[in-house]
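**Student:** This one is entry_16.pdb, PDB, C-alpha atoms.
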ATOM      1  CA  MET A   2      18.612  51.003  26.252
ATOM      2  CA  LYS A   3      20.488  47.693  26.483
ATOM      3  CA  LYS A   4      17.184  45.871  26.769
ATOM      4  CA  ILE A   5      15.971  47.442  23.517
ATOM      5  CA  VAL A   6      19.215  46.462  21.756
ATOM      6  CA  TYR A   7      18.883  42.857  22.967
ATOM      7  CA  LEU A   8      15.309  42.713  21.687
ATOM      8  CA  LEU A   9      16.339  44.061  18.278
ATOM      9  CA  VAL A  10      19.180  41.529  17.974
ATOM     10  CA  ALA A  11      16.851  38.679  18.966
ATOM     11  CA  ALA A  12      14.283  39.804  16.421
ATOM     12  CA  LEU A  13      16.937  39.943  13.694
ATOM     13  CA  LEU A  14      18.185  36.469  14.584
ATOM     14  CA  ILE A  15      14.661  35.020  14.494
ATOM     15  CA  THR A  16      13.953  36.703  11.159
ATOM     16  CA  SER A  17      17.256  35.442   9.749
ATOM     17  CA  CYS A  18      16.535  31.867  10.882
ATOM     18  CA  LYS A  19      13.064  31.992   9.360
ATOM     19  CA  LYS A  20      14.400  33.289   6.061
ATOM     20  CA  GLY A  21      17.107  30.618   6.052
ATOM     21  CA  LYS A  22      14.567  27.912   6.712
ATOM     22  CA  GLU A  23      12.201  29.269   4.046
ATOM     23  CA  LYS A  24      15.087  29.382   1.575
ATOM     24  CA  GLU A  25      16.009  25.781   2.368
ATOM     25  CA  GLU A  26      12.414  24.607   1.994
ATOM     26  CA  LYS A  27      12.004  26.613  -1.202
ATOM     27  CA  PHE A  28      14.770  24.691  -2.940
ATOM     28  CA  LEU A  29      13.515  21.257  -1.810
ATOM     29  CA  LEU A  30      11.508  20.356  -4.910
ATOM     30  CA  ASP A  31       8.617  17.915  -5.134
ATOM     31  CA  SER A  32       9.664  14.316  -5.565
ATOM     32  CA  GLU A  33       8.881  12.393  -8.734
ATOM     33  CA  GLY A  34       8.655   8.852 -10.015
ATOM     34  CA  ARG A  35       6.155   6.184 -10.909
ATOM     35  CA  ILE A  36       4.432   4.322  -8.109
ATOM     36  CA  ASN A  37       6.445   1.289  -6.939
ATOM     37  CA  SER A  38       9.570   2.291  -8.863
ATOM     38  CA  ILE A  39      12.825   2.529  -6.883
ATOM     39  CA  SER A  40      16.144   4.103  -7.841
ATOM     40  CA  VAL A  41      19.100   1.975  -6.738
ATOM     41  CA  VAL A  42      22.370   3.907  -6.656
ATOM     42  CA  VAL A  43      25.146   1.348  -6.996
ATOM     43  CA  ASP A  44      28.252   0.830  -9.086
ATOM     44  CA  ASN A  45      27.719  -1.141 -12.325
ATOM     45  CA  GLU A  46      30.215  -3.816 -11.350
ATOM     46  CA  LEU A  47      28.530  -4.380  -7.978
ATOM     47  CA  TRP A  48      25.117  -4.502  -9.649
ATOM     48  CA  LYS A  49      26.211  -7.380 -11.868
ATOM     49  CA  GLY A  50      27.503  -9.490  -8.984
ATOM     50  CA  ARG A  51      26.252 -11.038  -5.729
ATOM     51  CA  LEU A  52      25.453  -7.655  -4.233
ATOM     52  CA  GLY A  53      23.167  -6.738  -7.116
ATOM     53  CA  GLU A  54      21.497 -10.125  -6.859
ATOM     54  CA  ALA A  55      20.884  -9.543  -3.136
ATOM     55  CA  ILE A  56      19.269  -6.181  -3.895
ATOM     56  CA  ARG A  57      17.020  -7.731  -6.529
ATOM     57  CA  ASN A  58      16.067 -10.552  -4.166
ATOM     58  CA  VAL A  59      14.746  -7.929  -1.717
ATOM     59  CA  LEU A  60      13.197  -5.261  -3.922
ATOM     60  CA  ALA A  61      12.047  -7.422  -6.815
ATOM     61  CA  ALA A  62      10.721 -10.360  -4.791
ATOM     62  CA  PRO A  63       7.420 -11.664  -6.258
ATOM     63  CA  VAL A  64       4.245 -10.177  -4.767
ATOM     64  CA  TYR A  65       2.298 -12.886  -2.975
ATOM     65  CA  GLY A  66      -1.264 -13.452  -4.077
ATOM     66  CA  LEU A  67      -0.935 -12.764  -7.804
ATOM     67  CA  PRO A  68      -1.508 -15.399 -10.498
ATOM     68  CA  GLN A  69       1.817 -14.611 -12.206
ATOM     69  CA  ASP A  70       5.128 -13.511 -10.685
ATOM     70  CA  GLU A  71       5.348  -9.723 -10.530
ATOM     71  CA  PRO A  72       8.086  -7.823  -8.647
ATOM     72  CA  THR A  73       7.313  -5.904  -5.480
ATOM     73  CA  PHE A  74       9.089  -2.884  -6.997
ATOM     74  CA  ASN A  75      10.441  -1.941 -10.405
ATOM     75  CA  ILE A  76      14.149  -1.141 -10.127
ATOM     76  CA  ASN A  77      16.124   1.557 -11.927
ATOM     77  CA  GLN A  78      19.858   1.061 -11.324
ATOM     78  CA  ILE A  79      21.942   4.261 -11.410
ATOM     79  CA  PRO A  80      25.756   4.453 -11.203
ATOM     80  CA  PRO A  81      26.890   6.877  -8.451
ATOM     81  CA  GLN A  82      28.816   9.069 -10.911
ATOM     82  CA  VAL A  83      25.631  10.025 -12.788
ATOM     83  CA  PHE A  84      23.407  10.356  -9.721
ATOM     84  CA  SER A  85      22.728  14.083  -9.849
ATOM     85  CA  GLY A  86      20.195  16.655 -10.979
ATOM     86  CA  PHE A  87      16.635  15.535 -11.675
ATOM     87  CA  ILE A  88      17.605  11.873 -11.085
ATOM     88  CA  THR A  89      17.924  12.595  -7.357
ATOM     89  CA  LYS A  90      14.263  13.675  -7.165
ATOM     90  CA  ASN A  91      12.836  10.143  -7.230
ATOM     91  CA  ARG A  92      10.556   9.456  -4.262
ATOM     92  CA  THR A  93      12.302   6.232  -3.214
ATOM     93  CA  ILE A  94      16.076   5.692  -3.328
ATOM     94  CA  LEU A  95      18.364   2.915  -2.127
ATOM     95  CA  LYS A  96      22.034   3.950  -2.016
ATOM     96  CA  VAL A  97      24.870   1.435  -1.680
ATOM     97  CA  GLU A  98      28.190   2.639  -0.257
ATOM     98  CA  LEU A  99      31.074   0.152  -0.279
ATOM     99  CA  GLY A 100      34.201   0.687   1.808
ATOM    100  CA  LYS A 101      32.400   2.504   4.628
ATOM    101  CA  PRO A 102      31.433   1.377   8.164
ATOM    102  CA  ASN A 103      28.636  -1.202   8.253
ATOM    103  CA  GLY A 104      25.242   0.394   8.697
ATOM    104  CA  LEU A 105      21.721   0.997   7.445
ATOM    105  CA  VAL A 106      20.335   4.537   7.639
ATOM    106  CA  TYR A 107      16.792   5.730   6.820
ATOM    107  CA  LYS A 108      16.547   9.352   5.707
ATOM    108  CA  ASP A 109      13.621  11.625   4.823
ATOM    109  CA  ASN A 110      13.473  14.364   2.191
ATOM    110  CA  VAL A 111      17.173  14.444   1.316
ATOM    111  CA  TYR A 112      16.900  15.719  -2.277
ATOM    112  CA  ALA A 113      13.140  16.322  -2.609
ATOM    113  CA  LYS A 114       9.888  15.889  -0.687
ATOM    114  CA  PRO A 115       8.268  13.599   0.127
ATOM    115  CA  GLN A 116      11.193  11.225  -0.220
ATOM    116  CA  LYS A 117      12.643   8.193   1.497
ATOM    117  CA  VAL A 118      16.343   7.420   1.072
ATOM    118  CA  ILE A 119      17.835   4.245   2.532
ATOM    119  CA  VAL A 120      21.637   4.127   2.669
ATOM    120  CA  VAL A 121      23.226   0.706   3.178
ATOM    121  CA  SER A 122      26.983   0.677   3.696
ATOM    122  CA  GLY A 123      29.634  -1.887   4.463
ATOM    123  CA  GLU A 124      33.371  -2.373   4.496
ATOM    124  CA  LYS A 125      32.999  -5.465   2.303
ATOM    125  CA  ARG A 126      30.432  -6.680  -0.198
ATOM    126  CA  ASP A 127      29.381  -9.540   2.026
ATOM    127  CA  ASP A 128      28.681  -7.079   4.855
ATOM    128  CA  ILE A 129      26.197  -5.215   2.663
ATOM    129  CA  VAL A 130      24.604  -8.461   1.462
ATOM    130  CA  THR A 131      24.105  -9.533   5.084
ATOM    131  CA  LEU A 132      22.535  -6.183   6.025
ATOM    132  CA  LEU A 133      20.127  -6.404   3.092
ATOM    133  CA  LYS A 134      19.024  -9.927   4.031
ATOM    134  CA  GLU A 135      18.614  -9.127   7.732
ATOM    135  CA  ASN A 136      16.605  -5.947   7.073
ATOM    136  CA  SER A 137      14.664  -6.980   3.969
ATOM    137  CA  GLN A 138      11.225  -6.783   5.581
ATOM    138  CA  LYS A 139      11.797  -3.324   7.066
ATOM    139  CA  ILE A 140      13.217  -2.031   3.777
ATOM    140  CA  ILE A 141      10.152  -3.239   1.863
ATOM    141  CA  GLU A 142       7.729  -1.882   4.478
ATOM    142  CA  THR A 143       9.489   1.501   4.486
ATOM    143  CA  PHE A 144       9.340   1.936   0.723
ATOM    144  CA  LYS A 145       5.825   0.528   0.506
ATOM    145  CA  GLY A 146       4.626   2.944   3.187
ATOM    146  CA  ILE A 147       5.679   6.055   1.259
ATOM    147  CA  GLU A 148       4.252   4.610  -1.975
ATOM    148  CA  LEU A 149       0.879   3.942  -0.324
ATOM    149  CA  ARG A 150       0.759   7.521   0.944
ATOM    150  CA  GLU A 151       1.611   8.825  -2.522
ATOM    151  CA  LYS A 152      -1.123   6.686  -4.101
ATOM    152  CA  GLN A 153      -3.635   7.950  -1.538
ATOM    153  CA  ARG A 154      -2.570  11.530  -2.294
ATOM    154  CA  LEU A 155      -3.248  10.981  -5.996
ATOM    155  CA  ILE A 156      -6.615   9.382  -5.218
ATOM    156  CA  LYS A 157      -7.666  12.467  -3.250
ATOM    157  CA  LYS A 158      -7.333  14.642  -6.369
ATOM    158  CA  SER A 159     -10.656  13.333  -7.690
ATOM    159  CA  LEU A 160     -12.731  11.915  -4.847
ATOM    160  CA  TYR A 161     -16.057  10.146  -5.166
ATOM    161  CA  ASP A 162     -18.735  11.455  -2.803
ATOM    162  CA  ALA A 163     -18.998   8.491  -0.436
ATOM    163  CA  SER A 164     -21.301  10.210   2.080
ATOM    164  CA  LEU A 165     -23.980   7.531   1.608
ATOM    165  CA  ILE A 166     -21.495   4.830   2.623
ATOM    166  CA  LYS A 167     -20.546   6.901   5.661
ATOM    167  CA  LYS A 168     -24.197   7.279   6.620
ATOM    168  CA  ASN A 169     -25.058   3.585   6.314
ATOM    169  CA  LEU A 170     -21.803   1.862   7.311
ATOM    170  CA  GLY A 171     -20.356   4.457   9.668
ATOM    171  CA  LEU A 172     -16.991   4.824   7.963
ATOM    172  CA  ASP A 173     -15.027   7.099   5.669
ATOM    173  CA  ILE A 174     -13.332   5.609   2.625
ATOM    174  CA  LYS A 175     -11.597   7.499  -0.165
ATOM    175  CA  PHE A 176     -11.761   6.334  -3.786
ATOM    176  CA  GLN A 177     -11.737   8.069  -7.171
ATOM    177  CA  THR A 178     -14.674   9.256  -9.235
ATOM    178  CA  ALA A 179     -13.636   6.637 -11.811
ATOM    179  CA  TYR A 180     -15.353   4.122  -9.527
ATOM    180  CA  ARG A 181     -19.105   3.625  -9.282
ATOM    181  CA  ILE A 182     -21.317   1.888  -6.753
ATOM    182  CA  GLY A 183     -22.547  -1.227  -8.533
ATOM    183  CA  LYS A 184     -24.680  -2.729  -5.775
ATOM    184  CA  THR A 185     -26.065  -1.417  -2.493
ATOM    185  CA  ILE A 186     -27.841  -3.233   0.317
ATOM    186  CA  ALA A 187     -28.703  -0.946   3.209
ATOM    187  CA  THR A 188     -31.228  -2.502   5.569
ATOM    188  CA  GLU A 189     -31.164  -2.607   9.343
ATOM    189  CA  ASP A 190     -29.804  -6.161   9.322
ATOM    190  CA  ASP A 191     -27.770  -6.162   6.114
ATOM    191  CA  LYS A 192     -25.343  -3.535   4.835
ATOM    192  CA  PHE A 193     -23.295  -4.255   1.710
ATOM    193  CA  TYR A 194     -21.594  -2.165  -0.989
ATOM    194  CA  TRP A 195     -19.996  -3.310  -4.233
ATOM    195  CA  ILE A 196     -17.823  -0.558  -5.738
ATOM    196  CA  LYS A 197     -16.472  -1.024  -9.288
ATOM    197  CA  LYS A 198     -14.094   0.579 -11.759
ATOM    198  CA  ASP A 199     -13.810  -0.426 -15.405
ATOM    199  CA  ILE A 200     -10.272  -1.009 -16.705
ATOM    200  CA  PRO A 201      -9.134  -1.832 -20.277
ATOM    201  CA  THR A 202      -9.302  -5.611 -19.813
ATOM    202  CA  GLY A 203     -11.846  -5.994 -17.013
ATOM    203  CA  TYR A 204     -12.592  -4.246 -13.740
ATOM    204  CA  THR A 205     -11.376  -3.640 -10.178
ATOM    205  CA  ASN A 206     -13.689  -3.917  -7.202
ATOM    206  CA  VAL A 207     -14.089  -3.015  -3.536
ATOM    207  CA  LEU A 208     -16.577  -4.802  -1.286
ATOM    208  CA  LEU A 209     -17.688  -3.310   2.029
ATOM    209  CA  TYR A 210     -19.893  -5.011   4.596
ATOM    210  CA  GLU A 211     -20.218  -5.614   8.326
ATOM    211  CA  LEU A 212     -20.551  -8.702  10.501
ATOM    212  CA  PRO A 213     -21.478  -9.220  14.155
ATOM    213  CA  LEU A 214     -18.444  -9.351  16.429
ATOM    214  CA  LYS A 215     -19.210 -12.989  17.250
ATOM    215  CA  ALA A 216     -19.050 -13.959  13.549
ATOM    216  CA  ILE A 217     -15.254 -14.485  13.704
ATOM    217  CA  ASN A 218     -13.516 -16.290  16.545
ATOM    218  CA  ARG A 219      -9.766 -16.088  17.019
ATOM    219  CA  ASP A 220      -8.908 -19.770  17.139
ATOM    220  CA  SER A 221      -6.978 -22.338  15.105
ATOM    221  CA  ASN A 222      -9.847 -22.420  12.596
ATOM    222  CA  LEU A 223      -9.561 -18.704  11.760
ATOM    223  CA  MET A 224      -8.617 -19.071   8.097
ATOM    224  CA  ALA A 225     -11.446 -21.512   7.423
ATOM    225  CA  GLN A 226     -13.889 -19.052   9.020
ATOM    226  CA  ILE A 227     -12.756 -16.188   6.801
ATOM    227  CA  ILE A 228     -12.963 -18.293   3.631
ATOM    228  CA  LYS A 229     -16.410 -19.543   4.590
ATOM    229  CA  ILE A 230     -17.612 -15.968   5.156
ATOM    230  CA  ARG A 231     -16.245 -14.615   1.878
ATOM    231  CA  ASP A 232     -17.673 -17.588  -0.022
ATOM    232  CA  SER A 233     -21.103 -16.978   1.490
ATOM    233  CA  ILE A 234     -20.876 -13.291   0.525
ATOM    234  CA  GLY A 235     -19.795 -14.248  -2.993
ATOM    235  CA  LYS A 236     -22.709 -16.633  -3.430
ATOM    236  CA  LYS A 237     -25.185 -14.109  -2.056
ATOM    237  CA  TYR A 238     -24.033 -10.945  -3.840
ATOM    238  CA  ILE A 239     -21.289 -11.488  -6.471
ATOM    239  CA  GLU A 240     -22.988 -13.154  -9.402
ATOM    240  CA  GLY A 241     -21.018 -14.460 -12.383
ATOM    241  CA  PRO A 242     -21.661 -14.069 -16.131
ATOM    242  CA  VAL A 243     -24.102 -16.991 -16.427
ATOM    243  CA  GLU A 244     -27.055 -18.121 -14.356
ATOM    244  CA  GLY A 245     -26.013 -20.065 -11.281
ATOM    245  CA  SER A 246     -22.438 -18.702 -11.269
ATOM    246  CA  TYR A 247     -20.908 -16.739  -8.401
ATOM    247  CA  MET A 248     -17.545 -15.870  -6.854
ATOM    248  CA  ILE A 249     -15.805 -18.343  -4.533
ATOM    249  CA  THR A 250     -12.311 -18.771  -3.063
ATOM    250  CA  GLU A 251      -9.924 -20.791  -5.201
ATOM    251  CA  ASN A 252      -8.992 -23.798  -3.053
ATOM    252  CA  ALA A 253      -5.939 -24.756  -5.106
ATOM    253  CA  TYR A 254      -4.116 -21.569  -4.018
ATOM    254  CA  THR A 255      -3.060 -21.344  -0.363
ATOM    255  CA  PRO A 256      -4.113 -17.931   0.985
ATOM    256  CA  PHE A 257      -1.723 -15.743   2.930
ATOM    257  CA  HIS A 258      -2.982 -14.777   6.368
ATOM    258  CA  GLY A 259      -1.604 -12.224   8.801
ATOM    259  CA  GLU A 260      -2.579  -9.573  11.324
ATOM    260  CA  MET A 261      -2.001  -5.837  11.183
ATOM    261  CA  ILE A 262      -3.359  -2.537  12.492
ATOM    262  CA  LEU A 263      -5.747  -0.515  10.330
ATOM    263  CA  ASP A 264      -7.291   2.695  11.667
ATOM    264  CA  ASN A 265      -5.741   1.820  15.062
ATOM    265  CA  LYS A 266      -7.761  -1.403  15.181
ATOM    266  CA  PRO A 267      -6.694  -5.075  15.048
ATOM    267  CA  THR A 268      -7.210  -6.325  11.508
ATOM    268  CA  LEU A 269      -7.084  -9.760   9.893
ATOM    269  CA  GLU A 270      -5.415  -9.658   6.468
ATOM    270  CA  THR A 271      -5.942 -12.375   3.853
ATOM    271  CA  LYS A 272      -4.578 -12.559   0.304
ATOM    272  CA  GLY A 273      -5.427 -15.218  -2.225
ATOM    273  CA  MET A 274      -7.131 -16.099  -5.472
ATOM    274  CA  TRP A 275     -10.829 -16.068  -6.334
ATOM    275  CA  GLU A 276     -12.675 -17.875  -9.107
ATOM    276  CA  VAL A 277     -16.241 -18.093 -10.373
ATOM    277  CA  HIS A 278     -18.297 -21.212  -9.764
ATOM    278  CA  ASN A 279     -19.664 -22.535 -13.087
ATOM    279  CA  ALA A 280     -17.656 -20.024 -15.183
ATOM    280  CA  VAL A 281     -14.081 -19.440 -16.357
ATOM    281  CA  MET A 282     -13.090 -16.326 -14.419
ATOM    282  CA  ALA A 283     -10.441 -15.805 -11.745
ATOM    283  CA  GLY A 284      -8.095 -13.272 -10.189
ATOM    284  CA  PRO A 285      -6.434 -12.044  -6.977
ATOM    285  CA  TYR A 286      -8.114 -10.632  -3.861
ATOM    286  CA  ILE A 287      -7.131  -8.932  -0.608
ATOM    287  CA  ASN A 288      -9.460  -9.130   2.377
ATOM    288  CA  TYR A 289      -9.297  -7.050   5.560
ATOM    289  CA  ALA A 290     -11.523  -7.826   8.549
ATOM    290  CA  ILE A 291     -11.314  -4.856  10.944
ATOM    291  CA  GLU A 292     -12.252  -5.579  14.550
ATOM    292  CA  ASP A 293     -14.520  -2.679  15.524
ATOM    293  CA  LYS A 294     -15.186  -3.456  19.191
ATOM    294  CA  ILE A 295     -16.648  -0.025  19.922
ATOM    295  CA  ASN A 296     -19.501  -0.717  17.499
ATOM    296  CA  ASN A 297     -19.642  -4.435  18.349
ATOM    297  CA  ARG A 298     -18.897  -5.583  14.796
ATOM    298  CA  TRP A 299     -16.355  -6.550  12.167
ATOM    299  CA  VAL A 300     -15.999  -4.225   9.190
ATOM    300  CA  VAL A 301     -14.881  -6.227   6.160
ATOM    301  CA  ALA A 302     -13.257  -4.535   3.169
ATOM    302  CA  GLU A 303     -12.179  -6.609   0.206
ATOM    303  CA  GLY A 304     -10.546  -5.690  -3.063
ATOM    304  CA  PHE A 305     -10.435  -7.982  -6.088
ATOM    305  CA  THR A 306      -9.412  -7.623  -9.708
ATOM    306  CA  TYR A 307     -10.501  -9.230 -12.953
ATOM    307  CA  ALA A 308      -7.873  -8.384 -15.559
ATOM    308  CA  PRO A 309      -6.981 -11.395 -17.691
ATOM    309  CA  SER A 310      -3.693 -11.452 -19.626
ATOM    310  CA  VAL A 311      -2.222  -8.314 -17.999
ATOM    311  CA  ASP A 312      -0.168  -7.515 -14.906
ATOM    312  CA  LYS A 313      -2.246  -6.953 -11.793
ATOM    313  CA  ARG A 314       0.180  -5.645  -9.170
ATOM    314  CA  ASP A 315      -0.651  -1.981  -9.619
ATOM    315  CA  TYR A 316      -4.405  -2.633  -9.695
ATOM    316  CA  MET A 317      -4.187  -4.514  -6.406
ATOM    317  CA  PHE A 318      -1.946  -1.821  -4.941
ATOM    318  CA  GLU A 319      -4.592   0.798  -5.698
ATOM    319  CA  LEU A 320      -7.252  -1.313  -3.981
ATOM    320  CA  GLU A 321      -4.996  -1.687  -0.951
ATOM    321  CA  ALA A 322      -4.473   2.094  -0.820
ATOM    322  CA  ILE A 323      -8.244   2.661  -0.975
ATOM    323  CA  ILE A 324      -9.008   0.148   1.767
ATOM    324  CA  LYS A 325      -6.247   1.486   4.021
ATOM    325  CA  SER A 326      -7.844   4.948   3.836
ATOM    326  CA  ILE A 327     -10.773   3.681   5.933
ATOM    327  CA  LYS A 328     -11.613   5.628   9.086
ATOM    328  CA  ILE A 329     -14.390   4.148  11.247
ATOM    329  CA  ASP A 330     -16.780   6.358  13.190
ATOM    330  CA  GLU A 331     -16.677   5.811  16.934
TER     331      GLU A 331
END
Transcribe the structure of this file into structure tokens.

**Tutor:**
Amino acid sequence: MKKIVYLLVAALLITSCKKGKEKEEKFLLDSEGRINSISVVVDNELWKGRLGEAIRNVLAAPVYGLPQDEPTFNINQIPPQVFSGFITKNRTILKVELGKPNGLVYKDNVYAKPQKVIVVSGEKRDDIVTLLKENSQKIIETFKGIELREKQRLIKKSLYDASLIKKNLGLDIKFQTAYRIGKTIATEDDKFYWIKKDIPTGYTNVLLYELPLKAINRDSNLMAQIIKIRDSIGKKYIEGPVEGSYMITENAYTPFHGEMILDNKPTLETKGMWEVHNAVMAGPYINYAIEDKINNRWVVAEGFTYAPSVDKRDYMFELEAIIKSIKIDE
């Protein structure tokens, strides 16, 4: 009899916990907010002083690789006393707490989901300024990571059927039906795709192609190799508006170069400016060379934008989200 009672109590406890959890999840609403827009919860007086300047120096730092200065994130400053209700549902939030022990805490899904809340606290203003400076890169990477995932989620709502790319290049890539495949080369020795989307003032583009593993050597001449490769691809495939014109790398702008992991593979990242030989056209590009040792090749994915006289950050961010969706067949 006691055994039956114990079982009934256990069942009731489990059911109660489940209902409590379901109730908690039920009231955690979906997060909101424009891509790359961050809510900063800080007192008005602090926002106007050195602390506010330190926040802006981190979150609104210019994006490298664009022809004009554009901030990494748009900032919406909110005084703590009005931070309630629907305002708390923004996807990305930085909270500043003065007069508390020094610290930087990263929290998930506090007021909504998905959501990233970073709380920076300090006993004095200078303590908070120091924490922001010392952790600026991680703060940017954290917010950028959730924004990339949100952009990829939105892209998945209307996916282009890229099965032909998968068949010929051996990779999955997710982009919207607003894009079209402008050029295809699919021979045994040469595989190249030029994917385009028209925008109000121009177009955005994704290039996909492969190279033999020996085509890029990791030495002191690495940047020159990458530029030489992309210039040869531009001359061969990316024609300009007049005869004899084609895309090249703009030499006057020093490219950014770094290394990262994409699809669990070492990847060379390059950001810079492109221009058209024999024509007046230019814009930003991002280039990712993915080291695919299993298939004895490099997979190169590049995004570039032609959008004169308008901001380009969000266009380039979309291209980055598309490229970082790549999954290579093994």

**Student:** Can you tell me which residues surround stretch 281-295 of chain A at a distance of at most 6 Å, considering all atoms listed in the file, apart from same-chain residues fewer than 4 positions away, and format the answer as JSON, numbers by chain?

**Tutor:** {"A": [67, 267, 268, 269, 270, 271, 272, 273, 274, 275, 276, 277, 299, 300, 301, 302, 303, 304, 305, 306, 307]}

**Student:** Please dump the current selection as a compact mmCIF listing (two decimals), keeping the file's coordinate frame; keep C-alpha atoms.

**Tutor:**
# COMPACT_ATOMS: atom_id res chain seq x y z
CA LEU A 67 -0.94 -12.76 -7.80
CA PRO A 267 -6.69 -5.08 15.05
CA THR A 268 -7.21 -6.32 11.51
CA LEU A 269 -7.08 -9.76 9.89
CA GLU A 270 -5.42 -9.66 6.47
CA THR A 271 -5.94 -12.38 3.85
CA LYS A 272 -4.58 -12.56 0.30
CA GLY A 273 -5.43 -15.22 -2.22
CA MET A 274 -7.13 -16.10 -5.47
CA TRP A 275 -10.83 -16.07 -6.33
CA GLU A 276 -12.68 -17.88 -9.11
CA VAL A 277 -16.24 -18.09 -10.37
CA TRP A 299 -16.36 -6.55 12.17
CA VAL A 300 -16.00 -4.22 9.19
CA VAL A 301 -14.88 -6.23 6.16
CA ALA A 302 -13.26 -4.54 3.17
CA GLU A 303 -12.18 -6.61 0.21
CA GLY A 304 -10.55 -5.69 -3.06
CA PHE A 305 -10.44 -7.98 -6.09
CA THR A 306 -9.41 -7.62 -9.71
CA TYR A 307 -10.50 -9.23 -12.95

**Student:** Since I can't run it myself right now, could you work out what the PyMOL selection byres ((chain A and resi 46-57) around 10) selects here and report it as an MDAnalysis selection string?

**Tutor:** chainID A and resid 41:45 58:62 72:76 78:80 95 97 99 126:134 137

**Student:** Determine the axis-aligned bounding box of all atoms of stretch 283-294 of chain A present in the file, pad each side by 3 Å, and express its centre and edge lengths in Å to one decimal place as lines of an AutoDock Vina configuration file.

**Tutor:**
center_x = -10.8
center_y = -9.2
center_z = 3.7
size_x = 14.8
size_y = 19.1
size_z = 36.9

**Student:** What's around A:Ile329 at 9 Å? Count all atoms listed in the file, leave out sequence neighbours fewer than 6 positions away in its own chain, and write the answer as an mmCIF file with C-alpha atoms, in the frame of the given file.

**Tutor:**
data_model
loop_
_atom_site.group_PDB
_atom_site.id
_atom_site.type_symbol
_atom_site.label_atom_id
_atom_site.label_comp_id
_atom_site.auth_asym_id
_atom_site.auth_seq_id
_atom_site.Cartn_x
_atom_site.Cartn_y
_atom_site.Cartn_z
ATOM 1 C CA LYS A 167 -20.546 6.901 5.661
ATOM 2 C CA LEU A 170 -21.803 1.862 7.311
ATOM 3 C CA GLY A 171 -20.356 4.457 9.668
ATOM 4 C CA LEU A 172 -16.991 4.824 7.963
ATOM 5 C CA ASP A 173 -15.027 7.099 5.669
ATOM 6 C CA ILE A 174 -13.332 5.609 2.625
ATOM 7 C CA ASP A 264 -7.291 2.695 11.667
ATOM 8 C CA ASP A 293 -14.520 -2.679 15.524
ATOM 9 C CA VAL A 300 -15.999 -4.225 9.190
#

**Student:** Give as a count of residues only the residues that the PyMOL selection byres ((chain A and resi 166) around 12) matches when applied to the coordinates above.

**Tutor:** 33

**Student:** Can you tell me how far atom CA of A:Ala253 sits from atom CA of A:Lys237, in Å to one decimal?

**Tutor:** 22.2 Å

**Student:** Please determine, counting only C-alpha atoms, which residue among A:Ser159, A:Gln138, A:Thr143, A:Gln153 has the shortest atom-to-atom distance to A:Asp109.

**Tutor:**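 Nearest candidate to A:Asp109 out of A:Ser159, A:Gln138, A:Thr143, A:Gln153: A:Thr143.
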
**Student:** To one decimal in Å, tell me the separation between atom CA of A:Lys152 and atom CA of A:Ser326.

**Tutor:**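 We find that atom CA of A:Lys152 and atom CA of A:Ser326 lie 10.5 Å from each other.
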
**Student:** Can you tell me, as a list in words, which residues sit within 12 Å of (7.6, 2.4, 4.0) in the file's frame, using all atoms listed in the file?

**Tutor:** Asn37, Arg92, Thr93, Ile94, Tyr107, Lys108, Asp109, Pro115, Gln116, Lys117, Val118, Ile119, Ser137, Gln138, Lys139, Ile140, Ile141, Glu142, Thr143, Phe144, Lys145, Gly146, Ile147, Glu148, Leu149, Arg150 and Glu151 of chain A

**Student:** Report, in Å with one decimal, the straight-line distance from atom CA of A:Ser310 to atom CA of A:His258.

**Tutor:**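 One can read the atom CA of A:Ser310 to atom CA of A:His258 distance as 26.2 Å.
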
**Student:** Can you take the partial stretch 71-79 of chain A, add N, CA and C atoms, and return it as a PDB file, in the coordinates of the input?

**Tutor:**
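Below is the file result_32.pdb, written as the result:
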ATOM      1  N   GLU A  71       5.112 -11.138 -10.258  1.00  0.00           N
ATOM      2  CA  GLU A  71       5.348  -9.723 -10.530  1.00  0.00           C
ATOM      3  C   GLU A  71       6.185  -9.167  -9.394  1.00  0.00           C
ATOM      4  N   PRO A  72       7.181  -8.315  -9.688  1.00  0.00           N
ATOM      5  CA  PRO A  72       8.086  -7.823  -8.647  1.00  0.00           C
ATOM      6  C   PRO A  72       7.391  -6.862  -7.691  1.00  0.00           C
ATOM      7  N   THR A  73       7.850  -6.860  -6.450  1.00  0.00           N
ATOM      8  CA  THR A  73       7.313  -5.904  -5.480  1.00  0.00           C
ATOM      9  C   THR A  73       7.546  -4.474  -5.958  1.00  0.00           C
ATOM     10  N   PHE A  74       8.763  -4.204  -6.461  1.00  0.00           N
ATOM     11  CA  PHE A  74       9.089  -2.884  -6.997  1.00  0.00           C
ATOM     12  C   PHE A  74       9.807  -3.036  -8.337  1.00  0.00           C
ATOM     13  N   ASN A  75       9.606  -2.059  -9.214  1.00  0.00           N
ATOM     14  CA  ASN A  75      10.441  -1.941 -10.405  1.00  0.00           C
ATOM     15  C   ASN A  75      11.726  -1.226 -10.000  1.00  0.00           C
ATOM     16  N   ILE A  76      12.852  -1.681 -10.533  1.00  0.00           N
ATOM     17  CA  ILE A  76      14.149  -1.141 -10.127  1.00  0.00           C
ATOM     18  C   ILE A  76      14.815  -0.400 -11.276  1.00  0.00           C
ATOM     19  N   ASN A  77      15.340   0.785 -10.975  1.00  0.00           N
ATOM     20  CA  ASN A  77      16.124   1.557 -11.927  1.00  0.00           C
ATOM     21  C   ASN A  77      17.519   1.747 -11.347  1.00  0.00           C
ATOM     22  N   GLN A  78      18.487   0.994 -11.842  1.00  0.00           N
ATOM     23  CA  GLN A  78      19.858   1.061 -11.324  1.00  0.00           C
ATOM     24  C   GLN A  78      20.578   2.278 -11.892  1.00  0.00           C
ATOM     25  N   ILE A  79      21.248   3.032 -11.007  1.00  0.00           N
ATOM     26  CA  ILE A  79      21.942   4.261 -11.410  1.00  0.00           C
ATOM     27  C   ILE A  79      23.366   4.235 -10.863  1.00  0.00           C
TER      28      ILE A  79
END
